[in-house]
Every structure is written in C-alpha cells, then in structure tokens.
Amino acid sequence: MRFIEEVVVDEFLPTVRSMLAEDLRDRGLTQREVADALGISQSAVSKYAHGDVARHERIVADDRVRELVERVGEGLAAGDLSPVAALVEIEVLIRRLEEGDLLADLHEEAMPALADADVEFSVHDPDSGLRERERVLGSVRRGLRTLTNASGFAALIPNVGANVAECLDDARTIDDVAAVPGRLVDVKGRAMVPGEPEFGVSEHVATVLLAAREAGSSARGAVNVRYDPDTVEALAASHPTVEFDAERPTREAVADAVASTDPTDALVLYQTGAVGIEPIVYVLAPTAAEAAGIVREIV
C-alpha cells in the first residue's frame, strides 16, 4: 500500500526543491540564502547543486512544474514572495496534479490496483483564502519596491505619511486590506518603510479604497501622495480624476465622487484640505503594484 502523499514526499518534493535550488543559485543567491529561502540546510543545497539528489524526469519535464519553479524562484529572489506564499503556490499545484493528473498517474503506477478501481476522488481543494491573502501581500511588496526605488518619490509623501494598499476581492472592512503599518515617511529625501505589509493596519487609505469599491469601482489597490495642482494635472492627463469634499465623512464623500464618474480600472481621487485636514491625492488601480506604477510615472 502506497499513499499519494508518499509519491509527493519521495518524488515530487525532492525534484521541485532541487529545481528551485538551481533556479535561485542561477539568480545569484548564495548557498546560505537559498537554504534560508527554502527552509533547508546548506548541506542539502550543496547536494542539490552537485546532483546528488535524484530528480524524477517526468516531473522535471512538466511545463506546469517548470513554470511554477520559475515563478516561485523569481518571487523569492525579488522578495515579492514570502516563504509562506511560495509554500501555498507549490501546495496548490500539488493538489491539482493529484486530481487525475501527473501525480495521480505516478500514484497509479506505484499502486496498480488503483487503475482498476472505477472511482474518481478529489484529494484536496486547490482554492484557498490564504493563497489570495499572500498574493495581495506580494502585490503590496512589489508596489513598495516600485516606489522606494523611484528617485524623487519621497517628495510626494504627505506630512501624514504615504501608504500602499490592496484589498481582498470580497473586502468589507479594513481587516481585509493589506498595507504598511505606520505608513511611509520621508527621511532625508528617502522613503522609509517601517515594516512588512499586514492586513488591518491602514485606516485612511483603506477607508477611501473600500468606499470607492462600494460605489462601483473595481480597484483593489491604492497609493496616497501629497496634493499639488501639478500632480493632479499630470495624473488627470491619463486617468479619470475627481475631487471629493474633505469636510464631509470620507466614505460618503468618496462614494459620491466615484458615483459621478464612469467605473474604470484606474481612478484618481483628491481633496484640497480643510481645517486640520491635509490635502491628499489617492491613486486607485486594479492592484497595489499597478497603482504604484501610475505614481512612478509622474515622479
């Protein structure tokens, strides 16, 4: 008797780890960095590098496996993908390959009696809320890198700080929005990021984003920047731009502003301030990474 999990452990995981180790080394990571990224020992990385771990050729040759290795390797090397997100991506492919696919075939070869069984069974559900959350966090990280690497972005940070945010598909509250805890600040001309993106740490940007979505916008990502008429003009040249009233409750004012426009993938909202309220511009887009890209265009 051999379980499909044994096929995964004995055949799939050693092959994929070996392919990932090779990919990360090719991307310039040190042996220690590869070990940390994959959660394995340096000696294991050395074995993979020297071909001391056998690879299953059918798994190596599968285009989906090769695409996964390239995507996960790129994400880990760039910092866009956390180890948890990488694990989730690999798990999802495993579950798919277990269902009447490559791993199921390998399982049948190991257990010939299965081929004679007139049954179809679903081992696991590949859809996962954790996967979506990790994708959102990865998008926020990409957005942050886009902005912090942009020369001159610090000058666009308002006094209250900037943030990069993205929400889940079915977001209802700020707990469904990922952003930077404490916001980005300008420190001697450089944008400083106080911590890793988290869910539930944004109030102002999350409130604007959620209000816009409630009013019909499909945007999931947002970035806020310092208000300046030239900034608004530059953004308005390429994207629908509308003002909302800072003296009204934010959700209500934003909802009315969005309702006055045709729903689009990207939208610029701004308010020109009030007593005790700093004027701000909000750039909304399908993802946080795309919103950051729009901001970078005007830096």
# chains A, B, ... in the order shown; residues from 1 in each chain; ligands from 1
$ select_by_dssp --residues "region 165-267 of chain A" --states "strand (DSSP E)" --output "list of chain:residue names"
A:Ala165, A:Glu166, A:Cys167, A:Val177, A:Ala178, A:Ala179, A:Val185, A:Asp186, A:Val187, A:Arg190, A:Ala191, A:Met192, A:Glu198, A:Phe199, A:Gly221, A:Ala222, A:Val223, A:Asn224, A:Val225, A:Arg226, A:Thr241, A:Val242, A:Glu243, A:Leu267
$ write_last_selection --atoms "C-alpha atoms" --output "PDB file, in the first residue's frame"
ATOM      1  CA  ALA A 165      -2.659  49.170  -0.002  1.00  0.00           C
ATOM      2  CA  GLU A 166      -4.587  46.368  -1.652  1.00  0.00           C
ATOM      3  CA  CYS A 167      -7.772  44.623  -0.598  1.00  0.00           C
ATOM      4  CA  VAL A 177      -6.966  45.471   3.336  1.00  0.00           C
ATOM      5  CA  ALA A 178      -3.201  44.934   3.395  1.00  0.00           C
ATOM      6  CA  ALA A 179      -0.931  47.954   3.810  1.00  0.00           C
ATOM      7  CA  VAL A 185       7.703  58.660   5.687  1.00  0.00           C
ATOM      8  CA  ASP A 186      10.292  60.969   4.139  1.00  0.00           C
ATOM      9  CA  VAL A 187      13.620  60.683   5.980  1.00  0.00           C
ATOM     10  CA  ARG A 190      14.354  58.790   1.177  1.00  0.00           C
ATOM     11  CA  ALA A 191      11.094  56.911   1.559  1.00  0.00           C
ATOM     12  CA  MET A 192      11.372  54.774   4.671  1.00  0.00           C
ATOM     13  CA  GLU A 198      -0.024  43.457   7.073  1.00  0.00           C
ATOM     14  CA  PHE A 199      -3.784  43.242   6.993  1.00  0.00           C
ATOM     15  CA  GLY A 221      -5.036  48.793  -4.983  1.00  0.00           C
ATOM     16  CA  ALA A 222      -4.351  52.323  -3.781  1.00  0.00           C
ATOM     17  CA  VAL A 223      -1.497  54.731  -3.054  1.00  0.00           C
ATOM     18  CA  ASN A 224      -1.814  58.159  -1.455  1.00  0.00           C
ATOM     19  CA  VAL A 225       0.549  61.054  -2.237  1.00  0.00           C
ATOM     20  CA  ARG A 226       0.989  64.735  -1.441  1.00  0.00           C
ATOM     21  CA  THR A 241      -9.713  62.372 -11.854  1.00  0.00           C
ATOM     22  CA  VAL A 242     -12.346  63.658  -9.466  1.00  0.00           C
ATOM     23  CA  GLU A 243     -12.357  65.781  -6.315  1.00  0.00           C
ATOM     24  CA  LEU A 267      -9.084  56.366 -10.868  1.00  0.00           C
TER      25      LEU A 267
END
$ residues_around --residues "region 277-280 of chain A" --least-positions-apart "3" --cutoff "8 Å" --atoms "only C-alpha atoms" --output "list in words"
Pro158, Asn159, Val160, Asn224, Val225, Arg226, Tyr227, Ala246, Tyr270, Gln271, Thr272, Gly273 and Ala274 of chain A
$ closest_residue --among "A:Met19, A:Leu76, A:Leu144, A:Val295" --to "His56 (chain A)" --atoms "only C-alpha atoms"
A:Met19
$ closest_residue --among "A:Arg17, A:His50, A:Arg296, A:His239" --to "Arg145 (chain A)" --atoms "only C-alpha atoms"
A:Arg296
$ closest_residue --among "A:Glu89, A:Asp23, A:Asp36, A:Glu109" --to "Gly73 (chain A)" --atoms "only C-alpha atoms"
A:Asp23
$ residues_around --residues "Leu269 (chain A)" --least-positions-apart "5" --cutoff "8 Å" --atoms "only C-alpha atoms" --output "JSON, numbers by chain"
{"A": [241, 242, 243, 244, 254, 257, 281, 282, 283, 284]}
$ write_last_selection --atoms "N, CA and C atoms" --output "PDB file, in the first residue's frame"
ATOM      1  N   THR A 241     -10.098  61.703 -13.092  1.00  0.00           N
ATOM      2  CA  THR A 241      -9.713  62.372 -11.854  1.00  0.00           C
ATOM      3  C   THR A 241     -10.902  63.160 -11.321  1.00  0.00           C
ATOM      4  N   VAL A 242     -11.179  62.985 -10.047  1.00  0.00           N
ATOM      5  CA  VAL A 242     -12.346  63.658  -9.466  1.00  0.00           C
ATOM      6  C   VAL A 242     -12.042  64.088  -8.034  1.00  0.00           C
ATOM      7  N   GLU A 243     -12.574  65.229  -7.659  1.00  0.00           N
ATOM      8  CA  GLU A 243     -12.357  65.781  -6.315  1.00  0.00           C
ATOM      9  C   GLU A 243     -13.496  65.367  -5.392  1.00  0.00           C
ATOM     10  N   PHE A 244     -13.162  65.159  -4.117  1.00  0.00           N
ATOM     11  CA  PHE A 244     -14.204  64.942  -3.114  1.00  0.00           C
ATOM     12  C   PHE A 244     -14.011  65.925  -1.969  1.00  0.00           C
ATOM     13  N   VAL A 254     -16.349  60.145  -0.741  1.00  0.00           N
ATOM     14  CA  VAL A 254     -15.694  59.349  -1.779  1.00  0.00           C
ATOM     15  C   VAL A 254     -16.722  58.609  -2.621  1.00  0.00           C
ATOM     16  N   ALA A 257     -18.251  60.940  -5.068  1.00  0.00           N
ATOM     17  CA  ALA A 257     -17.301  61.318  -6.111  1.00  0.00           C
ATOM     18  C   ALA A 257     -17.159  60.200  -7.140  1.00  0.00           C
ATOM     19  N   VAL A 281      -3.915  63.205  -2.401  1.00  0.00           N
ATOM     20  CA  VAL A 281      -4.310  62.579  -3.664  1.00  0.00           C
ATOM     21  C   VAL A 281      -4.257  61.066  -3.474  1.00  0.00           C
ATOM     22  N   TYR A 282      -5.286  60.383  -3.965  1.00  0.00           N
ATOM     23  CA  TYR A 282      -5.338  58.919  -3.887  1.00  0.00           C
ATOM     24  C   TYR A 282      -5.373  58.352  -5.309  1.00  0.00           C
ATOM     25  N   VAL A 283      -4.439  57.464  -5.601  1.00  0.00           N
ATOM     26  CA  VAL A 283      -4.394  56.798  -6.904  1.00  0.00           C
ATOM     27  C   VAL A 283      -4.899  55.368  -6.726  1.00  0.00           C
ATOM     28  N   LEU A 284      -5.977  55.035  -7.422  1.00  0.00           N
ATOM     29  CA  LEU A 284      -6.584  53.710  -7.326  1.00  0.00           C
ATOM     30  C   LEU A 284      -6.358  52.947  -8.636  1.00  0.00           C
TER      31      LEU A 284
END
$ closest_residue --among "A:Val180, A:Ala78, A:Val69, A:Ala219" --to "His204 (chain A)" --atoms "only C-alpha atoms"
A:Val180
$ closest_residue --among "A:Thr231, A:Ala236, A:Val208, A:Asp80" --to "Asp256 (chain A)" --atoms "only C-alpha atoms"
A:Val208
$ atom_distance --atom1 "CA of Arg27 (chain A)" --atom2 "CA of Thr146 (chain A)"
19.9 Å
$ atom_distance --atom1 "CA of Phe12 (chain A)" --atom2 "CA of Ile59 (chain A)"
6.8 Å
$ closest_residue --among "A:Val60, A:Leu168, A:Met111, A:Ala255" --to "Arg2 (chain A)" --atoms "only C-alpha atoms"
A:Met111
$ select_by_dssp --residues "region 123-281 of chain A" --states "helix (DSSP H, G or I)" --output "PyMOL selection string"
chain A and resi 129-148+153-156+174-176+204-214+229-236+250-259
$ atom_distance --atom1 "CA of Gly138 (chain A)" --atom2 "CA of Leu81 (chain A)"
5.7 Å
$ residues_around --residues "Asp265 (chain A)" --least-positions-apart "2" --cutoff "8 Å" --atoms "only C-alpha atoms" --output "list in words"
Ser217, Ser218, Ala219, Pro263, Leu267, Ala285 and Pro286 of chain A
$ write_last_selection --atoms "N, CA, C and O atoms" --output "tab-separated table (two decimals), in the first residue's frame"
chain	number	residue	atom	x	y	z
A	217	SER	N	-16.40	51.09	-8.04
A	217	SER	CA	-15.06	50.95	-8.59
A	217	SER	C	-14.58	49.50	-8.43
A	217	SER	O	-14.85	48.86	-7.42
A	218	SER	N	-13.84	49.02	-9.42
A	218	SER	CA	-13.29	47.66	-9.34
A	218	SER	C	-11.87	47.66	-8.80
A	218	SER	O	-11.24	46.61	-8.70
A	219	ALA	N	-11.35	48.84	-8.46
A	219	ALA	CA	-9.97	48.95	-7.98
A	219	ALA	C	-9.79	48.17	-6.68
A	219	ALA	O	-10.65	48.17	-5.81
A	263	PRO	N	-17.24	53.90	-14.02
A	263	PRO	CA	-16.31	52.96	-13.39
A	263	PRO	C	-15.18	52.60	-14.35
A	263	PRO	O	-15.41	52.28	-15.52
A	267	LEU	N	-8.37	55.15	-11.21
A	267	LEU	CA	-9.08	56.37	-10.87
A	267	LEU	C	-8.24	57.19	-9.90
A	267	LEU	O	-7.56	56.64	-9.04
A	285	ALA	N	-6.11	51.66	-8.52
A	285	ALA	CA	-5.84	50.82	-9.69
A	285	ALA	C	-6.22	49.37	-9.37
A	285	ALA	O	-6.56	49.06	-8.22
A	286	PRO	N	-6.18	48.49	-10.36
A	286	PRO	CA	-6.57	47.09	-10.10
A	286	PRO	C	-5.77	46.43	-8.99
A	286	PRO	O	-6.29	45.58	-8.27
$ residues_around --residues "Ser46 (chain A)" --least-positions-apart "5" --cutoff "10 Å" --atoms "only C-alpha atoms" --output "number ranges by chain"
A: 18, 21, 31, 35, 41, 51-53
$ write_last_selection --atoms "N, CA, C and O atoms" --output "PDB file, in the first residue's frame"
ATOM      1  N   SER A  18      15.082  20.596  -5.692  1.00  0.00           N
ATOM      2  CA  SER A  18      16.311  20.610  -6.469  1.00  0.00           C
ATOM      3  C   SER A  18      16.234  21.643  -7.593  1.00  0.00           C
ATOM      4  O   SER A  18      17.180  22.407  -7.829  1.00  0.00           O
ATOM      5  N   ALA A  21      16.360  25.148  -6.010  1.00  0.00           N
ATOM      6  CA  ALA A  21      17.714  25.474  -5.555  1.00  0.00           C
ATOM      7  C   ALA A  21      18.575  25.895  -6.739  1.00  0.00           C
ATOM      8  O   ALA A  21      19.335  26.871  -6.665  1.00  0.00           O
ATOM      9  N   GLN A  31      24.564  30.142  -1.276  1.00  0.00           N
ATOM     10  CA  GLN A  31      24.076  28.863  -0.764  1.00  0.00           C
ATOM     11  C   GLN A  31      23.280  29.065   0.513  1.00  0.00           C
ATOM     12  O   GLN A  31      22.254  28.414   0.716  1.00  0.00           O
ATOM     13  N   ALA A  35      19.320  28.270   1.124  1.00  0.00           N
ATOM     14  CA  ALA A  35      18.905  27.434   2.249  1.00  0.00           C
ATOM     15  C   ALA A  35      17.822  28.124   3.077  1.00  0.00           C
ATOM     16  O   ALA A  35      16.815  27.512   3.453  1.00  0.00           O
ATOM     17  N   SER A  41      18.805  22.862   4.889  1.00  0.00           N
ATOM     18  CA  SER A  41      20.179  23.079   5.322  1.00  0.00           C
ATOM     19  C   SER A  41      21.081  23.419   4.137  1.00  0.00           C
ATOM     20  O   SER A  41      20.769  23.109   2.979  1.00  0.00           O
ATOM     21  N   GLY A  51      23.986  17.523  -7.864  1.00  0.00           N
ATOM     22  CA  GLY A  51      23.238  16.443  -8.500  1.00  0.00           C
ATOM     23  C   GLY A  51      23.182  15.176  -7.693  1.00  0.00           C
ATOM     24  O   GLY A  51      22.966  14.086  -8.253  1.00  0.00           O
ATOM     25  N   ASP A  52      23.374  15.296  -6.368  1.00  0.00           N
ATOM     26  CA  ASP A  52      23.353  14.109  -5.517  1.00  0.00           C
ATOM     27  C   ASP A  52      21.935  13.665  -5.162  1.00  0.00           C
ATOM     28  O   ASP A  52      21.754  12.617  -4.537  1.00  0.00           O
ATOM     29  N   VAL A  53      20.946  14.484  -5.520  1.00  0.00           N
ATOM     30  CA  VAL A  53      19.544  14.133  -5.267  1.00  0.00           C
ATOM     31  C   VAL A  53      18.885  13.818  -6.604  1.00  0.00           C
ATOM     32  O   VAL A  53      18.887  14.647  -7.527  1.00  0.00           O
TER      33      VAL A  53
END
